Amino acid sequence: SFPSKVAFLKENIEVQGRTDIVKQIKNLMNFSRFYLPEIFPEVSSGLYMDTDMLVFSDLSVLETYFPFPDGKLAKAPLIFPLEAMKFAPSLKIAGKGFNAGFYLFDLTVWRKEGLTTQAEKWMLRHREEKLFNLGTQPIVNLLFYQRCLDLDKHWNVRGYATYEMPKSKHSKTFVAHWNGSKKPWMPECPNKEIWKAFSLPFEKLKFEKTKGDRV
């Protein structure tokens with residue numbers, strides 16, 4: 001049941017890293033991604049995106065990547081060095097991973113292989129052994145380790161919260177990502193004008209129910 005899942009998360013979320021980052025990512029909504037198969041039982045595949053992103057390209061083209069080849073679970077820009085998450089040497093994790101703010105995933109295989117249970121086991125083990133830095137990002141990379149297909153890096157252009165993005169680079173961006181401790185809705189953050197051009201007061205937003213078997 002969902003109340004039991006919430007109770008599990010409250011008891012077992014363990015996040016390592018800089019204080020400013022930990023404060024942002026140590027929350028239930030961040031870790032609720034591990035329960036997507038239960039939240040959306042009729043959904044077969046999907047796209048996960050962080051809330052600190054802006055889309056500048058047609059997301060519907062990503063549908064052409066489904067279904068994945070046998071044995072593959074996800075597709076994302078493999079631009080993130082796994083060493084940055086400081087995995088414990090005993091895990092023997094190396095190579096390129098992905099930023100968990102943007103990835104395509106197969107929920108049918110997720111359910112078949114019990115990845116939610118695997119995620120919970122990693123959380124329990126990490127709480128006791130301190131296996132990595134950050135929160136959900138290392139767990140997602142462990143779940144999809146060596147089973148994630150590469151995707152064009154322009155689908156997750158990081159750095160918008162770090163420095164003023166050159167126009168030459170921004171013009172090629174499919175999805176802009178304000179990753180890090182600074183966010184575009186905060187008083188001080190790079191590239192705020194890009195964000196403000198697309199932001200609306202909450203009361204003006206309109207929500208529509210989506211159709212189909214993806215979310």
# chains A, B, ... in the order shown; residues from 1 in each chain; ligands from 1
call {"tool": "residues_around", "arguments": {"residues": "Asn27 of chain A", "least_positions_apart": "4", "cutoff": "10 Å", "atoms": "only C-alpha atoms", "output": "compact mmCIF listing (two decimals) with N, CA and C atoms, in the first residue's frame"}}
result
# COMPACT_ATOMS: atom_id res chain seq x y z
N LEU A 9 9.98 4.99 3.02
CA LEU A 9 10.86 6.07 2.57
C LEU A 9 11.26 6.98 3.72
N LYS A 10 10.31 7.34 4.54
CA LYS A 10 10.61 8.24 5.67
C LYS A 10 11.67 7.64 6.58
N ILE A 13 15.41 6.83 3.80
CA ILE A 13 16.12 7.73 2.90
C ILE A 13 17.43 8.17 3.56
N GLU A 14 18.52 7.93 2.87
CA GLU A 14 19.85 8.31 3.34
C GLU A 14 20.57 8.99 2.18
N VAL A 15 20.98 10.23 2.38
CA VAL A 15 21.63 11.00 1.32
C VAL A 15 22.97 11.52 1.80
N VAL A 22 22.11 18.02 -0.39
CA VAL A 22 21.36 17.06 0.42
C VAL A 22 19.99 17.61 0.80
N LYS A 23 19.95 18.88 1.16
CA LYS A 23 18.69 19.51 1.58
C LYS A 23 17.64 19.45 0.48
N PHE A 31 12.31 10.33 -4.20
CA PHE A 31 12.43 8.87 -4.11
C PHE A 31 11.17 8.13 -4.56
N SER A 32 10.07 8.85 -4.74
CA SER A 32 8.83 8.20 -5.17
C SER A 32 8.93 7.65 -6.59
N GLY A 135 21.57 10.88 -3.72
CA GLY A 135 20.40 10.14 -3.28
C GLY A 135 19.89 9.13 -4.27
call {"tool": "closest_atom_pairs", "arguments": {"of": "segment 145-207 of chain A", "to": "segment 33-51 of chain A", "cutoff": "10 Å", "atoms": "only C-alpha atoms", "output": "tab-separated table"}}
result
residue	atom	partner	partner_atom	distance
A:Asn156	CA	A:Met49	CA	9.5
A:Val175	CA	A:Met49	CA	9.7
A:His177	CA	A:Asp50	CA	8.2
A:Trp178	CA	A:Thr51	CA	9.1
A:Asn179	CA	A:Asp50	CA	8.9
A:Lys183	CA	A:Thr51	CA	9.8
call {"tool": "closest_atom_pairs", "arguments": {"of": "segment 94-129 of chain A", "to": "segment 54-60 of chain A", "cutoff": "12 Å", "atoms": "only C-alpha atoms", "output": "JSON lines"}}
result
{"residue": "A:Gly101", "atom": "CA", "partner": "A:Leu54", "partner_atom": "CA", "distance": 11.8}
{"residue": "A:Phe102", "atom": "CA", "partner": "A:Val55", "partner_atom": "CA", "distance": 11.2}
{"residue": "A:Tyr103", "atom": "CA", "partner": "A:Leu59", "partner_atom": "CA", "distance": 11.9}
{"residue": "A:Leu104", "atom": "CA", "partner": "A:Leu59", "partner_atom": "CA", "distance": 11.0}
call {"tool": "residues_around", "arguments": {"residues": "Tyr145 of chain A", "least_positions_apart": "5", "cutoff": "10 Å", "atoms": "only C-alpha atoms", "output": "PDB file with N, CA, C and O atoms, in the first residue's frame"}}
result
ATOM      1  N   LYS A  72      17.716  -4.387 -22.403  1.00  0.00           N
ATOM      2  CA  LYS A  72      17.926  -2.984 -22.058  1.00  0.00           C
ATOM      3  C   LYS A  72      16.727  -2.451 -21.279  1.00  0.00           C
ATOM      4  O   LYS A  72      15.582  -2.813 -21.552  1.00  0.00           O
ATOM      5  N   LEU A  73      17.014  -1.570 -20.326  1.00  0.00           N
ATOM      6  CA  LEU A  73      15.969  -1.068 -19.437  1.00  0.00           C
ATOM      7  C   LEU A  73      15.682   0.413 -19.583  1.00  0.00           C
ATOM      8  O   LEU A  73      14.619   0.886 -19.201  1.00  0.00           O
ATOM      9  N   ALA A  74      16.666   1.148 -20.126  1.00  0.00           N
ATOM     10  CA  ALA A  74      16.520   2.606 -20.154  1.00  0.00           C
ATOM     11  C   ALA A  74      17.327   3.200 -21.289  1.00  0.00           C
ATOM     12  O   ALA A  74      18.123   2.513 -21.940  1.00  0.00           O
ATOM     13  N   LEU A  82      30.512   7.778 -13.571  1.00  0.00           N
ATOM     14  CA  LEU A  82      30.035   7.084 -12.381  1.00  0.00           C
ATOM     15  C   LEU A  82      30.925   7.346 -11.173  1.00  0.00           C
ATOM     16  O   LEU A  82      30.462   7.318 -10.026  1.00  0.00           O
ATOM     17  N   ILE A  93      31.929  -0.449  -9.546  1.00  0.00           N
ATOM     18  CA  ILE A  93      31.148   0.298 -10.524  1.00  0.00           C
ATOM     19  C   ILE A  93      32.069   1.291 -11.232  1.00  0.00           C
ATOM     20  O   ILE A  93      32.748   2.088 -10.588  1.00  0.00           O
ATOM     21  N   ALA A  94      32.098   1.247 -12.561  1.00  0.00           N
ATOM     22  CA  ALA A  94      32.964   2.154 -13.319  1.00  0.00           C
ATOM     23  C   ALA A  94      32.361   2.419 -14.689  1.00  0.00           C
ATOM     24  O   ALA A  94      31.464   1.709 -15.145  1.00  0.00           O
ATOM     25  N   GLY A  95      32.870   3.467 -15.340  1.00  0.00           N
ATOM     26  CA  GLY A  95      32.406   3.800 -16.689  1.00  0.00           C
ATOM     27  C   GLY A  95      31.538   5.039 -16.693  1.00  0.00           C
ATOM     28  O   GLY A  95      31.589   5.856 -15.783  1.00  0.00           O
ATOM     29  N   LYS A  96      30.695   5.148 -17.703  1.00  0.00           N
ATOM     30  CA  LYS A  96      29.818   6.304 -17.839  1.00  0.00           C
ATOM     31  C   LYS A  96      28.401   5.955 -17.402  1.00  0.00           C
ATOM     32  O   LYS A  96      27.870   4.912 -17.748  1.00  0.00           O
ATOM     33  N   GLY A  97      27.822   6.870 -16.656  1.00  0.00           N
ATOM     34  CA  GLY A  97      26.435   6.735 -16.263  1.00  0.00           C
ATOM     35  C   GLY A  97      25.636   7.898 -16.814  1.00  0.00           C
ATOM     36  O   GLY A  97      26.038   8.532 -17.788  1.00  0.00           O
ATOM     37  N   PHE A  98      24.514   8.198 -16.182  1.00  0.00           N
ATOM     38  CA  PHE A  98      23.675   9.285 -16.679  1.00  0.00           C
ATOM     39  C   PHE A  98      23.143  10.107 -15.527  1.00  0.00           C
ATOM     40  O   PHE A  98      23.033   9.639 -14.397  1.00  0.00           O
ATOM     41  N   PRO A 138      22.533   7.641  -7.788  1.00  0.00           N
ATOM     42  CA  PRO A 138      23.317   6.409  -7.805  1.00  0.00           C
ATOM     43  C   PRO A 138      22.456   5.150  -7.825  1.00  0.00           C
ATOM     44  O   PRO A 138      22.822   4.156  -8.456  1.00  0.00           O
ATOM     45  N   ILE A 139      21.298   5.206  -7.163  1.00  0.00           N
ATOM     46  CA  ILE A 139      20.436   4.017  -7.150  1.00  0.00           C
ATOM     47  C   ILE A 139      19.884   3.741  -8.544  1.00  0.00           C
ATOM     48  O   ILE A 139      19.872   2.592  -9.007  1.00  0.00           O
ATOM     49  N   VAL A 140      19.433   4.777  -9.236  1.00  0.00           N
ATOM     50  CA  VAL A 140      18.927   4.598 -10.602  1.00  0.00           C
ATOM     51  C   VAL A 140      20.039   4.066 -11.507  1.00  0.00           C
ATOM     52  O   VAL A 140      19.807   3.177 -12.338  1.00  0.00           O
TER      53      VAL A 140
END
call {"tool": "select_by_dssp", "arguments": {"residues": "segment 81-194 of chain A", "states": "strand (DSSP E)", "output": "PyMOL selection string"}}
result
chain A and resi 81+96-97+102-106+148-150+175-177
call {"tool": "closest_residue", "arguments": {"among": "A:Ser199, A:Thr108, A:Gln16, A:Ser171", "to": "Leu131 of chain A", "atoms": "only C-alpha atoms"}}
result
A:Gln16
call {"tool": "residues_around", "arguments": {"residues": "segment 162-169 of chain A", "least_positions_apart": "3", "cutoff": "6 Å", "atoms": "only C-alpha atoms", "output": "PyMOL selection string"}}
result
chain A and resi 159+172+190-191
call {"tool": "write_last_selection", "arguments": {"atoms": "all heavy atoms", "output": "short mmCIF file (atom, residue, chain, number, x, y, z; two decimals), in the first residue's frame"}}
result
data_model
loop_
_atom_site.label_atom_id
_atom_site.label_comp_id
_atom_site.auth_asym_id
_atom_site.auth_seq_id
_atom_site.Cartn_x
_atom_site.Cartn_y
_atom_site.Cartn_z
N GLY A 159 24.18 22.53 -16.53
CA GLY A 159 25.00 23.72 -16.37
C GLY A 159 24.24 25.02 -16.35
O GLY A 159 24.82 26.08 -16.11
N LYS A 172 21.33 24.92 -29.47
CA LYS A 172 21.35 23.50 -29.82
C LYS A 172 20.71 22.62 -28.73
O LYS A 172 20.66 21.41 -28.87
CB LYS A 172 22.79 23.05 -30.05
CG LYS A 172 23.51 23.79 -31.18
CD LYS A 172 24.96 23.35 -31.29
CE LYS A 172 25.70 24.13 -32.37
NZ LYS A 172 27.13 23.76 -32.45
N PRO A 190 21.80 31.73 -12.47
CA PRO A 190 22.10 32.02 -13.87
C PRO A 190 20.94 31.64 -14.79
O PRO A 190 20.13 30.76 -14.48
CB PRO A 190 23.33 31.13 -14.15
CG PRO A 190 23.96 30.91 -12.82
CD PRO A 190 22.81 30.83 -11.86
N ASN A 191 20.85 32.32 -15.89
CA ASN A 191 19.89 32.03 -16.96
C ASN A 191 18.42 32.14 -16.52
O ASN A 191 17.55 31.46 -17.06
CB ASN A 191 20.15 30.63 -17.53
CG ASN A 191 21.55 30.48 -18.07
OD1 ASN A 191 21.91 31.09 -19.07
ND2 ASN A 191 22.37 29.68 -17.40
#
call {"tool": "closest_residue", "arguments": {"among": "A:Gln24, A:Thr116, A:Asn141, A:Asn133", "to": "Ala100 of chain A", "atoms": "only C-alpha atoms"}}
result
A:Asn141
call {"tool": "atom_distance", "arguments": {"atom1": "atom CA of Arg158 of chain A", "atom2": "atom CA of Glu63 of chain A"}}
result
22.7 Å
call {"tool": "select_by_dssp", "arguments": {"residues": "chain A", "states": "helix (DSSP H, G or I)", "output": "ChimeraX atom specification"}}
result
/A:2-12,19-25,28-39,59-65,82-85,89-91,107-113,115-129,136-143,153-155,167-170,192-196,202-204
call {"tool": "write_last_selection", "arguments": {"atoms": "C-alpha atoms", "output": "mmCIF file, in the first residue's frame"}}
result
data_model
loop_
_atom_site.group_PDB
_atom_site.id
_atom_site.type_symbol
_atom_site.label_atom_id
_atom_site.label_comp_id
_atom_site.auth_asym_id
_atom_site.auth_seq_id
_atom_site.Cartn_x
_atom_site.Cartn_y
_atom_site.Cartn_z
ATOM 1 C CA PHE A 2 1.089 3.569 -0.568
ATOM 2 C CA PRO A 3 1.008 4.481 3.149
ATOM 3 C CA SER A 4 3.477 1.650 3.798
ATOM 4 C CA LYS A 5 5.713 2.900 0.972
ATOM 5 C CA VAL A 6 5.704 6.400 2.429
ATOM 6 C CA ALA A 7 6.596 4.976 5.827
ATOM 7 C CA PHE A 8 9.450 2.985 4.278
ATOM 8 C CA LEU A 9 10.857 6.068 2.568
ATOM 9 C CA LYS A 10 10.613 8.235 5.667
ATOM 10 C CA GLU A 11 12.578 5.665 7.620
ATOM 11 C CA ASN A 12 15.189 4.720 5.044
ATOM 12 C CA THR A 19 24.741 20.124 2.665
ATOM 13 C CA ASP A 20 23.040 22.383 0.102
ATOM 14 C CA ILE A 21 22.489 19.467 -2.290
ATOM 15 C CA VAL A 22 21.360 17.060 0.421
ATOM 16 C CA LYS A 23 18.692 19.513 1.577
ATOM 17 C CA GLN A 24 17.142 19.573 -1.896
ATOM 18 C CA ILE A 25 17.225 15.894 -2.832
ATOM 19 C CA LEU A 28 9.832 11.812 -0.560
ATOM 20 C CA MET A 29 8.928 13.058 -4.034
ATOM 21 C CA ASN A 30 12.458 12.478 -5.301
ATOM 22 C CA PHE A 31 12.431 8.868 -4.105
ATOM 23 C CA SER A 32 8.833 8.201 -5.171
ATOM 24 C CA ARG A 33 10.135 7.545 -8.709
ATOM 25 C CA PHE A 34 10.892 3.995 -7.576
ATOM 26 C CA TYR A 35 7.141 3.333 -7.287
ATOM 27 C CA LEU A 36 6.123 4.452 -10.777
ATOM 28 C CA PRO A 37 5.014 0.914 -11.781
ATOM 29 C CA GLU A 38 2.490 0.984 -8.935
ATOM 30 C CA ILE A 39 1.455 4.608 -9.342
ATOM 31 C CA LEU A 59 9.417 15.107 -27.026
ATOM 32 C CA SER A 60 7.183 12.907 -29.170
ATOM 33 C CA VAL A 61 10.182 11.827 -31.262
ATOM 34 C CA LEU A 62 11.402 9.880 -28.220
ATOM 35 C CA GLU A 63 8.530 7.432 -28.694
ATOM 36 C CA THR A 64 10.379 5.974 -31.657
ATOM 37 C CA TYR A 65 12.940 4.445 -29.268
ATOM 38 C CA LEU A 82 30.035 7.084 -12.381
ATOM 39 C CA GLU A 83 33.120 7.901 -10.313
ATOM 40 C CA ALA A 84 31.493 11.246 -9.418
ATOM 41 C CA MET A 85 28.970 9.402 -7.259
ATOM 42 C CA PRO A 89 35.125 0.157 -4.149
ATOM 43 C CA SER A 90 33.440 -3.107 -3.193
ATOM 44 C CA LEU A 91 30.669 -2.424 -5.744
ATOM 45 C CA LEU A 107 8.073 -0.236 -16.952
ATOM 46 C CA THR A 108 7.084 -3.645 -18.303
ATOM 47 C CA VAL A 109 10.597 -4.982 -17.773
ATOM 48 C CA TRP A 110 10.829 -2.984 -14.530
ATOM 49 C CA ARG A 111 7.875 -4.920 -13.135
ATOM 50 C CA LYS A 112 9.086 -8.263 -14.503
ATOM 51 C CA GLU A 113 12.506 -7.887 -12.886
ATOM 52 C CA LEU A 115 13.340 -3.171 -9.836
ATOM 53 C CA THR A 116 11.281 -1.465 -7.131
ATOM 54 C CA THR A 117 12.286 -4.194 -4.678
ATOM 55 C CA GLN A 118 15.890 -3.875 -5.852
ATOM 56 C CA ALA A 119 15.778 -0.115 -5.246
ATOM 57 C CA GLU A 120 14.472 -0.657 -1.720
ATOM 58 C CA LYS A 121 17.261 -3.165 -1.056
ATOM 59 C CA TRP A 122 19.882 -0.649 -2.221
ATOM 60 C CA MET A 123 18.355 1.957 0.087
ATOM 61 C CA LEU A 124 18.510 -0.393 3.070
ATOM 62 C CA ARG A 125 22.062 -1.442 2.301
ATOM 63 C CA HIS A 126 23.180 2.159 1.764
ATOM 64 C CA ARG A 127 21.670 3.248 5.073
ATOM 65 C CA GLU A 128 23.940 0.739 6.829
ATOM 66 C CA GLU A 129 27.072 0.814 4.651
ATOM 67 C CA THR A 136 18.339 8.623 -6.098
ATOM 68 C CA GLN A 137 20.910 9.195 -8.835
ATOM 69 C CA PRO A 138 23.317 6.409 -7.805
ATOM 70 C CA ILE A 139 20.436 4.017 -7.150
ATOM 71 C CA VAL A 140 18.927 4.598 -10.602
ATOM 72 C CA ASN A 141 22.353 4.102 -12.168
ATOM 73 C CA LEU A 142 22.775 0.859 -10.226
ATOM 74 C CA LEU A 143 19.368 -0.398 -11.383
ATOM 75 C CA LYS A 153 23.500 14.653 -25.076
ATOM 76 C CA HIS A 154 21.332 17.609 -26.135
ATOM 77 C CA TRP A 155 18.369 15.964 -24.385
ATOM 78 C CA LYS A 167 23.770 31.474 -27.121
ATOM 79 C CA SER A 168 25.663 29.147 -29.451
ATOM 80 C CA LYS A 169 25.189 26.272 -27.006
ATOM 81 C CA HIS A 170 21.668 27.180 -25.924
ATOM 82 C CA LYS A 192 16.798 33.212 -15.083
ATOM 83 C CA GLU A 193 15.586 35.152 -18.115
ATOM 84 C CA ILE A 194 15.370 31.936 -20.142
ATOM 85 C CA TRP A 195 13.218 30.363 -17.420
ATOM 86 C CA LYS A 196 11.050 33.422 -16.821
ATOM 87 C CA PHE A 202 0.429 28.588 -10.757
ATOM 88 C CA GLU A 203 -3.155 29.829 -10.955
ATOM 89 C CA LYS A 204 -2.782 30.311 -14.719
#
call {"tool": "atom_distance", "arguments": {"atom1": "atom CA of Asp106 of chain A", "atom2": "atom CA of Phe144 of chain A"}}
result
10.7 Å
call {"tool": "atom_distance", "arguments": {"atom1": "atom CA of Gly17 of chain A", "atom2": "atom CA of Cys148 of chain A"}}
result
24.9 Å
